[in-house]
$ cat final.cif   # mmCIF, C-alpha atoms
data_structure
#
loop_
_atom_site.label_atom_id
_atom_site.label_comp_id
_atom_site.auth_asym_id
_atom_site.auth_seq_id
_atom_site.Cartn_x
_atom_site.Cartn_y
_atom_site.Cartn_z
CA MET A 9 22.61 -22.64 20.19
CA ALA A 10 21.78 -23.88 16.70
CA GLU A 11 21.38 -21.46 13.82
CA PRO A 12 17.87 -21.09 12.38
CA TYR A 13 17.39 -23.25 9.31
CA VAL A 14 14.78 -21.00 7.71
CA PRO A 15 16.39 -18.77 5.06
CA ARG A 16 15.89 -15.08 5.65
CA VAL A 17 14.30 -12.87 3.01
CA SER A 18 16.19 -9.71 2.15
CA PHE A 19 14.46 -6.80 0.50
CA ASP A 20 17.72 -5.04 -0.33
CA TYR A 21 18.31 -4.25 -3.99
CA ASP A 22 20.86 -6.58 -5.49
CA PRO A 23 22.50 -5.17 -8.66
CA VAL A 24 23.73 -8.65 -9.62
CA ASP A 25 20.15 -9.93 -9.78
CA PRO A 26 18.18 -7.36 -11.80
CA PRO A 27 14.39 -7.35 -11.73
CA SER A 28 12.53 -9.46 -14.24
CA PRO A 29 10.91 -7.86 -17.31
CA LEU A 30 7.52 -8.55 -15.76
CA ALA A 31 8.52 -6.68 -12.59
CA VAL A 32 9.70 -3.72 -14.68
CA ALA A 33 6.45 -3.68 -16.70
CA ARG A 34 4.38 -3.92 -13.53
CA GLY A 35 6.38 -1.06 -12.02
CA ILE A 36 5.77 1.15 -15.05
CA PHE A 37 2.06 0.38 -15.31
CA GLY A 38 1.65 0.51 -11.53
CA GLY A 39 3.30 3.94 -11.34
CA ALA A 40 1.14 5.22 -14.19
CA LEU A 41 -1.98 3.82 -12.49
CA ILE A 42 -1.12 5.50 -9.20
CA LEU A 43 -0.42 8.86 -10.85
CA SER A 44 -3.56 8.76 -13.00
CA THR A 45 -5.70 7.70 -10.03
CA LEU A 46 -4.32 10.60 -8.00
CA GLY A 47 -5.01 12.87 -10.98
CA ILE A 48 -8.62 11.75 -11.24
CA ILE A 49 -9.10 12.29 -7.49
CA VAL A 50 -7.63 15.81 -7.71
CA ILE A 51 -9.86 16.64 -10.69
CA LEU A 52 -12.90 15.22 -8.89
CA LEU A 53 -12.20 17.29 -5.77
CA ASP A 54 -11.44 20.43 -7.78
CA SER A 55 -14.28 20.39 -10.32
CA GLY A 56 -16.79 17.95 -8.86
CA HIS A 57 -16.94 15.67 -11.89
CA ILE A 58 -14.85 12.82 -13.27
CA ASP A 59 -12.95 13.35 -16.51
CA SER A 60 -14.03 10.57 -18.90
CA HIS A 61 -10.74 10.67 -20.83
CA LEU A 62 -8.69 10.11 -17.69
CA LEU A 63 -11.07 7.35 -16.60
CA ALA A 64 -10.64 5.67 -20.01
CA PHE A 65 -6.87 6.01 -19.63
CA ILE A 66 -6.98 4.26 -16.24
CA GLY A 67 -9.09 1.45 -17.73
CA THR A 68 -6.62 1.10 -20.59
CA LEU A 69 -3.73 0.87 -18.14
CA TRP A 70 -5.53 -1.93 -16.27
CA VAL A 71 -6.09 -3.79 -19.54
CA PHE A 72 -2.40 -3.44 -20.50
CA TRP A 73 -1.33 -4.53 -16.99
CA GLY A 74 -3.34 -7.74 -17.34
CA LEU A 75 -2.23 -8.29 -20.91
CA VAL A 76 1.46 -7.84 -20.09
CA SER A 77 1.17 -10.18 -17.10
CA ASP A 78 -0.52 -12.85 -19.20
CA VAL A 79 1.81 -12.48 -22.18
CA PHE A 80 4.93 -12.60 -20.01
CA GLY A 81 3.59 -15.62 -18.12
CA VAL A 82 2.82 -17.56 -21.30
CA ALA A 83 6.03 -16.43 -23.03
CA THR A 84 8.14 -17.48 -20.06
CA GLY A 85 6.60 -20.95 -19.98
CA LEU A 86 6.90 -21.41 -23.74
CA GLY A 87 10.45 -20.07 -23.69
CA ARG A 88 11.43 -22.65 -21.09
CA ILE A 89 9.87 -25.48 -23.07
CA VAL A 90 11.32 -24.43 -26.44
CA GLY A 91 14.72 -23.60 -24.94
CA GLY A 92 14.84 -26.98 -23.25
CA GLN A 93 13.96 -28.72 -26.50
CA ILE A 94 16.61 -26.79 -28.46
CA THR A 95 19.39 -27.36 -25.94
CA GLY A 96 18.41 -30.96 -25.31
CA MET A 97 17.87 -30.34 -21.61
CA ALA A 98 14.10 -30.46 -21.69
CA ASP A 99 12.49 -30.07 -18.33
CA GLY A 100 8.94 -31.28 -18.36
CA GLY A 101 8.51 -30.23 -14.75
CA PRO A 102 8.01 -32.53 -11.83
CA PRO A 103 6.48 -35.89 -12.63
CA LEU A 104 2.83 -36.29 -11.79
CA ARG A 105 3.57 -39.50 -9.91
CA ILE A 106 6.88 -40.57 -8.45
CA ASP A 107 7.45 -44.13 -7.37
CA ILE A 108 9.54 -45.25 -4.41
CA ASP A 109 12.52 -46.22 -6.59
CA GLN A 110 12.64 -42.76 -8.21
CA GLU A 111 12.39 -41.14 -4.79
CA THR A 112 15.19 -43.34 -3.46
CA VAL A 113 17.48 -42.38 -6.34
CA MET A 114 16.66 -38.68 -5.91
CA LEU A 115 17.33 -38.79 -2.15
CA GLU A 116 20.57 -40.73 -2.60
CA ARG A 117 21.78 -38.08 -5.04
CA LEU A 118 20.85 -35.36 -2.57
CA ILE A 119 22.78 -37.08 0.21
CA ALA A 120 25.79 -37.66 -2.07
CA ALA A 121 25.89 -34.01 -3.18
CA PRO A 122 24.22 -31.92 -0.46
CA PRO A 123 22.73 -28.54 -1.40
CA ALA A 124 24.64 -25.34 -0.81
CA PRO A 125 24.27 -23.37 2.44
CA PRO A 126 22.30 -21.90 4.16
CA ALA A 127 19.66 -24.64 3.81
CA ALA A 128 22.16 -27.45 3.22
CA PRO A 129 22.21 -29.15 6.63
CA HIS A 130 18.46 -29.08 7.13
CA ARG A 131 17.65 -30.39 3.64
CA GLU A 132 20.33 -33.07 3.88
CA ILE A 133 19.04 -34.17 7.29
CA LEU A 134 15.42 -34.38 6.14
CA ALA A 135 16.42 -36.24 2.98
CA GLY A 136 18.51 -38.63 5.08
CA ILE A 137 15.65 -39.30 7.48
CA ARG A 138 13.29 -40.04 4.59
CA LEU A 139 15.89 -42.22 2.87
CA ALA A 140 16.54 -44.15 6.09
CA GLU A 141 12.81 -44.75 6.41
CA ILE A 142 12.70 -46.05 2.82
CA TYR A 143 15.64 -48.38 3.55
CA ARG A 144 13.91 -49.67 6.69
CA THR A 145 10.33 -50.04 5.44
CA HIS A 146 10.52 -50.67 1.69
CA GLN A 147 13.92 -52.29 1.24
CA HIS A 148 13.70 -54.10 4.61
CA ASP A 149 17.32 -53.21 5.41
CA PRO A 150 17.42 -51.83 8.98
CA ALA A 151 21.22 -52.02 9.07
CA LYS A 152 21.51 -49.69 6.06
CA SER A 153 18.96 -47.37 7.66
CA ALA A 154 20.81 -47.29 10.98
CA ALA A 155 24.16 -46.71 9.24
CA LEU A 156 22.76 -43.72 7.34
CA LEU A 157 21.27 -42.21 10.50
CA ASP A 158 24.51 -42.80 12.42
CA HIS A 159 26.43 -41.07 9.64
CA LEU A 160 24.08 -38.08 9.81
CA ARG A 161 24.25 -37.97 13.62
CA THR A 162 28.05 -37.92 13.39
CA LYS A 163 28.01 -35.20 10.74
CA TYR A 164 25.34 -33.09 12.52
CA PRO A 165 25.57 -33.91 16.24
CA GLU A 166 23.32 -31.02 17.33
CA ALA A 167 20.48 -31.61 14.86
CA PRO A 168 17.25 -31.93 16.85
CA GLU A 169 15.67 -34.01 14.05
CA LEU A 170 18.25 -36.74 14.62
CA MET A 171 18.01 -36.89 18.43
CA HIS A 172 15.01 -39.19 18.47
CA ASP A 173 15.28 -42.93 18.90
CA LEU A 174 13.56 -44.66 16.00
CA GLY A 175 12.68 -47.71 18.06
CA GLY A 176 14.70 -50.47 16.45
CA ALA A 177 15.72 -48.75 13.23
#
$ encode --input "final.cif" --output "C-alpha cells"
Amino acid sequence: MAEPYVPRVSFDYDPVDPPSPLAVARGIFGGALILSTLGIIVILLDSGHIDSHLLAFIGTLWVFWGLVSDVFGVATGLGRIVGGQITGMADGGPPLRIDIDQETVMLERLIAAPPAPPAAPHREILAGIRLAEIYRTHQHDPAKSAALLDHLRTKYPEAPELMHDLGGA
C-alpha cells in the first residue's frame, strides 16, 4: 500500500525551531488578556459592577496586540526586501504572470533536483506530468513527453497519477 503523500502536521514543541517573535508577543498579550478578562468577570460577579480601570487595561492590551501584529508584519516584509537587496539575493516574490517558457524551465529544474522527502515523489510526479503536457502540447514533441512519463513510471511504478494512459502521448 502506498504511503500518504500529504505531510502530517505535528503540534509537538521543537526546540530546534523556536517560536517567532510575533508568536511570543501574541502569547504574552493573549495571556494578559485572558487573565484580565477573568479578573473583570470575578470583580463583576463579586461586586456587581465593572471596574473601569481594568476595562481600560483590557482595551489597551487589545490595541497593543493589534499594533504588535501590524508592526511585526510590516517589519518582516521590509526586512526581507532590505535584506535581499543588501545580500544581492533580492526576492521580489512570485511573478504576477509566468509564461510557458518560464514554467518549463522551473519544472525542468524541479525534475532535475527533486524536493526533499516526504513530499518529494508527489511533487516530482506532478511536475513531471505538467512538463510532459507542455512538451506534448506547446513544444509539439510527443516523443519527449512519452520519454519523461516512461522515466517517471520506471522511477515510481506504484504512483496512481502515472497509471493512466494519455491517449497517444
$ atom_distance --input "final.cif" --atom1 "CA of Leu41 (chain A)" --atom2 "CA of Ile58 (chain A)"
15.7 Å
$ axis_aligned_box --input "final.cif" --around "region 70-73 of chain A" --padding-each-side "6 Å" --output "JSON"
{"center_x": -3.7, "center_y": -3.2, "center_z": -18.4, "size_x": 16.8, "size_y": 14.6, "size_z": 16.2}
$ closest_residue --input "final.cif" --among "A:Ile119, A:Leu170, A:Leu157, A:Leu62" --to "Arg131 (chain A)" --atoms "only C-alpha atoms"
A:Ile119
$ atom_distance --input "final.cif" --atom1 "CA of Gly136 (chain A)" --atom2 "CA of Pro150 (chain A)"
13.8 Å
$ residues_around --input "final.cif" --residues "Pro29 (chain A)" --least-positions-apart "5" --cutoff "12 Å" --atoms "all atoms listed in the file" --output "list in words"
Arg34, Gly35, Ile36, Val76, Ser77, Val79, Phe80, Gly81, Ala83 and Thr84 of chain A
$ atom_distance --input "final.cif" --atom1 "CA of Met171 (chain A)" --atom2 "CA of Leu156 (chain A)"
13.9 Å
$ residues_around --input "final.cif" --residues "region 140-148 of chain A" --least-positions-apart "3" --cutoff "10 Å" --atoms "only C-alpha atoms" --output "PyMOL selection string"
chain A and resi 108-109+111-112+115+134-137+151-157+174+176-177
$ decode --input "final.cif" --residues "region 15-160 of chain A" --atoms "C-alpha atoms" --output "PDB file, in the first residue's frame"
ATOM      1  CA  PRO A  15       2.548  15.830   5.048  1.00  0.00           C
ATOM      2  CA  ARG A  16       1.372  15.417   8.600  1.00  0.00           C
ATOM      3  CA  VAL A  17       1.225  18.379  10.969  1.00  0.00           C
ATOM      4  CA  SER A  18       2.881  17.897  14.330  1.00  0.00           C
ATOM      5  CA  PHE A  19       1.986  20.069  17.274  1.00  0.00           C
ATOM      6  CA  ASP A  20       4.941  18.874  19.341  1.00  0.00           C
ATOM      7  CA  TYR A  21       7.324  21.555  20.560  1.00  0.00           C
ATOM      8  CA  ASP A  22      10.534  21.534  18.601  1.00  0.00           C
ATOM      9  CA  PRO A  23      13.446  23.197  20.460  1.00  0.00           C
ATOM     10  CA  VAL A  24      15.404  23.498  17.200  1.00  0.00           C
ATOM     11  CA  ASP A  25      12.662  25.670  15.695  1.00  0.00           C
ATOM     12  CA  PRO A  26      11.811  28.300  18.321  1.00  0.00           C
ATOM     13  CA  PRO A  27       8.615  30.328  18.053  1.00  0.00           C
ATOM     14  CA  SER A  28       8.681  33.551  16.100  1.00  0.00           C
ATOM     15  CA  PRO A  29       8.807  36.918  17.911  1.00  0.00           C
ATOM     16  CA  LEU A  30       5.225  37.527  16.813  1.00  0.00           C
ATOM     17  CA  ALA A  31       4.118  34.240  18.393  1.00  0.00           C
ATOM     18  CA  VAL A  32       5.878  35.183  21.641  1.00  0.00           C
ATOM     19  CA  ALA A  33       4.260  38.645  21.677  1.00  0.00           C
ATOM     20  CA  ARG A  34       0.855  37.152  20.948  1.00  0.00           C
ATOM     21  CA  GLY A  35       1.361  34.650  23.757  1.00  0.00           C
ATOM     22  CA  ILE A  36       2.233  37.387  26.238  1.00  0.00           C
ATOM     23  CA  PHE A  37      -0.623  39.684  25.236  1.00  0.00           C
ATOM     24  CA  GLY A  38      -3.033  36.756  24.927  1.00  0.00           C
ATOM     25  CA  GLY A  39      -2.166  35.513  28.416  1.00  0.00           C
ATOM     26  CA  ALA A  40      -2.571  39.005  29.852  1.00  0.00           C
ATOM     27  CA  LEU A  41      -5.920  39.378  28.054  1.00  0.00           C
ATOM     28  CA  ILE A  42      -7.191  36.075  29.419  1.00  0.00           C
ATOM     29  CA  LEU A  43      -6.114  36.892  32.986  1.00  0.00           C
ATOM     30  CA  SER A  44      -7.548  40.410  32.896  1.00  0.00           C
ATOM     31  CA  THR A  45     -10.810  39.173  31.371  1.00  0.00           C
ATOM     32  CA  LEU A  46     -11.110  36.565  34.118  1.00  0.00           C
ATOM     33  CA  GLY A  47     -10.333  39.313  36.648  1.00  0.00           C
ATOM     34  CA  ILE A  48     -13.066  41.571  35.311  1.00  0.00           C
ATOM     35  CA  ILE A  49     -15.560  38.685  35.404  1.00  0.00           C
ATOM     36  CA  VAL A  50     -14.640  37.872  39.017  1.00  0.00           C
ATOM     37  CA  ILE A  51     -14.982  41.540  40.015  1.00  0.00           C
ATOM     38  CA  LEU A  52     -18.323  41.784  38.190  1.00  0.00           C
ATOM     39  CA  LEU A  53     -19.677  38.690  39.950  1.00  0.00           C
ATOM     40  CA  ASP A  54     -18.321  39.789  43.336  1.00  0.00           C
ATOM     41  CA  SER A  55     -19.304  43.465  43.380  1.00  0.00           C
ATOM     42  CA  GLY A  56     -21.901  43.754  40.620  1.00  0.00           C
ATOM     43  CA  HIS A  57     -20.108  46.478  38.682  1.00  0.00           C
ATOM     44  CA  ILE A  58     -17.283  46.638  36.150  1.00  0.00           C
ATOM     45  CA  ASP A  59     -14.012  48.260  37.162  1.00  0.00           C
ATOM     46  CA  SER A  60     -13.284  50.988  34.594  1.00  0.00           C
ATOM     47  CA  HIS A  61      -9.514  50.793  35.138  1.00  0.00           C
ATOM     48  CA  LEU A  62      -9.443  47.071  34.379  1.00  0.00           C
ATOM     49  CA  LEU A  63     -11.685  47.620  31.354  1.00  0.00           C
ATOM     50  CA  ALA A  64      -9.284  50.312  30.090  1.00  0.00           C
ATOM     51  CA  PHE A  65      -6.387  47.905  30.661  1.00  0.00           C
ATOM     52  CA  ILE A  66      -8.107  45.229  28.547  1.00  0.00           C
ATOM     53  CA  GLY A  67      -8.727  47.778  25.774  1.00  0.00           C
ATOM     54  CA  THR A  68      -5.080  48.827  25.908  1.00  0.00           C
ATOM     55  CA  LEU A  69      -3.970  45.207  25.621  1.00  0.00           C
ATOM     56  CA  TRP A  70      -6.151  44.784  22.516  1.00  0.00           C
ATOM     57  CA  VAL A  71      -4.619  47.911  20.985  1.00  0.00           C
ATOM     58  CA  PHE A  72      -1.073  46.671  21.697  1.00  0.00           C
ATOM     59  CA  TRP A  73      -1.951  43.211  20.313  1.00  0.00           C
ATOM     60  CA  GLY A  74      -3.054  44.768  17.025  1.00  0.00           C
ATOM     61  CA  LEU A  75      -0.130  47.173  16.949  1.00  0.00           C
ATOM     62  CA  VAL A  76       2.439  44.434  17.562  1.00  0.00           C
ATOM     63  CA  SER A  77       0.859  42.221  14.894  1.00  0.00           C
ATOM     64  CA  ASP A  78       0.909  45.039  12.355  1.00  0.00           C
ATOM     65  CA  VAL A  79       4.413  46.224  13.220  1.00  0.00           C
ATOM     66  CA  PHE A  80       5.852  42.704  13.083  1.00  0.00           C
ATOM     67  CA  GLY A  81       4.078  42.026   9.784  1.00  0.00           C
ATOM     68  CA  VAL A  82       5.386  45.204   8.159  1.00  0.00           C
ATOM     69  CA  ALA A  83       8.861  44.821   9.689  1.00  0.00           C
ATOM     70  CA  THR A  84       9.133  41.233   8.480  1.00  0.00           C
ATOM     71  CA  GLY A  85       8.223  42.198   4.914  1.00  0.00           C
ATOM     72  CA  LEU A  86      10.558  45.198   4.890  1.00  0.00           C
ATOM     73  CA  GLY A  87      13.322  43.131   6.466  1.00  0.00           C
ATOM     74  CA  ARG A  88      13.045  40.560   3.690  1.00  0.00           C
ATOM     75  CA  ILE A  89      13.153  43.219   0.992  1.00  0.00           C
ATOM     76  CA  VAL A  90      16.057  45.175   2.504  1.00  0.00           C
ATOM     77  CA  GLY A  91      17.974  42.009   3.408  1.00  0.00           C
ATOM     78  CA  GLY A  92      17.566  40.715  -0.120  1.00  0.00           C
ATOM     79  CA  GLN A  93      18.800  43.996  -1.551  1.00  0.00           C
ATOM     80  CA  ILE A  94      21.831  44.071   0.759  1.00  0.00           C
ATOM     81  CA  THR A  95      22.856  40.470   0.122  1.00  0.00           C
ATOM     82  CA  GLY A  96      22.131  40.677  -3.592  1.00  0.00           C
ATOM     83  CA  MET A  97      19.599  37.859  -3.417  1.00  0.00           C
ATOM     84  CA  ALA A  98      16.520  40.002  -3.790  1.00  0.00           C
ATOM     85  CA  ASP A  99      13.310  38.064  -3.892  1.00  0.00           C
ATOM     86  CA  GLY A 100      10.524  40.105  -5.339  1.00  0.00           C
ATOM     87  CA  GLY A 101       8.085  37.279  -4.722  1.00  0.00           C
ATOM     88  CA  PRO A 102       6.360  35.242  -7.352  1.00  0.00           C
ATOM     89  CA  PRO A 103       5.914  36.924 -10.703  1.00  0.00           C
ATOM     90  CA  LEU A 104       2.475  38.247 -11.455  1.00  0.00           C
ATOM     91  CA  ARG A 105       2.458  36.444 -14.785  1.00  0.00           C
ATOM     92  CA  ILE A 106       4.540  33.460 -15.776  1.00  0.00           C
ATOM     93  CA  ASP A 107       4.855  32.433 -19.378  1.00  0.00           C
ATOM     94  CA  ILE A 108       5.129  28.879 -20.663  1.00  0.00           C
ATOM     95  CA  ASP A 109       8.900  29.104 -21.173  1.00  0.00           C
ATOM     96  CA  GLN A 110       9.469  30.204 -17.564  1.00  0.00           C
ATOM     97  CA  GLU A 111       7.215  27.414 -16.342  1.00  0.00           C
ATOM     98  CA  THR A 112       9.091  24.874 -18.477  1.00  0.00           C
ATOM     99  CA  VAL A 113      12.443  25.967 -17.049  1.00  0.00           C
ATOM    100  CA  MET A 114      11.082  25.865 -13.485  1.00  0.00           C
ATOM    101  CA  LEU A 115       9.616  22.375 -13.956  1.00  0.00           C
ATOM    102  CA  GLU A 116      12.786  21.064 -15.602  1.00  0.00           C
ATOM    103  CA  ARG A 117      14.800  22.300 -12.621  1.00  0.00           C
ATOM    104  CA  LEU A 118      12.367  20.609 -10.258  1.00  0.00           C
ATOM    105  CA  ILE A 119      12.670  17.318 -12.129  1.00  0.00           C
ATOM    106  CA  ALA A 120      16.481  17.601 -12.245  1.00  0.00           C
ATOM    107  CA  ALA A 121      16.736  18.273  -8.492  1.00  0.00           C
ATOM    108  CA  PRO A 122      13.624  16.814  -6.837  1.00  0.00           C
ATOM    109  CA  PRO A 123      12.487  18.242  -3.492  1.00  0.00           C
ATOM    110  CA  ALA A 124      13.378  16.529  -0.244  1.00  0.00           C
ATOM    111  CA  PRO A 125      11.076  13.924   1.329  1.00  0.00           C
ATOM    112  CA  PRO A 126       8.327  13.491   2.460  1.00  0.00           C
ATOM    113  CA  ALA A 127       6.643  15.381  -0.405  1.00  0.00           C
ATOM    114  CA  ALA A 128       9.378  14.644  -2.955  1.00  0.00           C
ATOM    115  CA  PRO A 129       7.776  11.864  -5.005  1.00  0.00           C
ATOM    116  CA  HIS A 130       4.378  13.506  -5.259  1.00  0.00           C
ATOM    117  CA  ARG A 131       5.750  16.925  -6.231  1.00  0.00           C
ATOM    118  CA  GLU A 132       8.165  15.395  -8.723  1.00  0.00           C
ATOM    119  CA  ILE A 133       5.382  13.318 -10.284  1.00  0.00           C
ATOM    120  CA  LEU A 134       3.017  16.278 -10.624  1.00  0.00           C
ATOM    121  CA  ALA A 135       5.782  18.462 -12.050  1.00  0.00           C
ATOM    122  CA  GLY A 136       6.664  15.688 -14.497  1.00  0.00           C
ATOM    123  CA  ILE A 137       3.069  15.290 -15.627  1.00  0.00           C
ATOM    124  CA  ARG A 138       2.757  19.039 -16.209  1.00  0.00           C
ATOM    125  CA  LEU A 139       6.115  19.155 -18.006  1.00  0.00           C
ATOM    126  CA  ALA A 140       5.138  16.212 -20.224  1.00  0.00           C
ATOM    127  CA  GLU A 141       1.930  18.039 -21.118  1.00  0.00           C
ATOM    128  CA  ILE A 142       3.941  21.148 -22.026  1.00  0.00           C
ATOM    129  CA  TYR A 143       6.267  19.050 -24.199  1.00  0.00           C
ATOM    130  CA  ARG A 144       3.279  17.451 -25.945  1.00  0.00           C
ATOM    131  CA  THR A 145       1.023  20.479 -26.435  1.00  0.00           C
ATOM    132  CA  HIS A 146       3.284  23.533 -26.629  1.00  0.00           C
ATOM    133  CA  GLN A 147       6.548  22.128 -27.953  1.00  0.00           C
ATOM    134  CA  HIS A 148       4.759  19.531 -30.128  1.00  0.00           C
ATOM    135  CA  ASP A 149       7.232  16.833 -29.075  1.00  0.00           C
ATOM    136  CA  PRO A 150       5.218  13.724 -28.092  1.00  0.00           C
ATOM    137  CA  ALA A 151       8.358  11.571 -28.020  1.00  0.00           C
ATOM    138  CA  LYS A 152       9.945  13.796 -25.356  1.00  0.00           C
ATOM    139  CA  SER A 153       6.683  13.742 -23.418  1.00  0.00           C
ATOM    140  CA  ALA A 154       6.422   9.955 -23.562  1.00  0.00           C
ATOM    141  CA  ALA A 155      10.076   9.539 -22.567  1.00  0.00           C
ATOM    142  CA  LEU A 156       9.586  11.727 -19.490  1.00  0.00           C
ATOM    143  CA  LEU A 157       6.456   9.841 -18.446  1.00  0.00           C
ATOM    144  CA  ASP A 158       8.179   6.486 -19.007  1.00  0.00           C
ATOM    145  CA  HIS A 159      11.082   7.655 -16.851  1.00  0.00           C
ATOM    146  CA  LEU A 160       8.681   8.655 -14.077  1.00  0.00           C
TER     147      LEU A 160
END
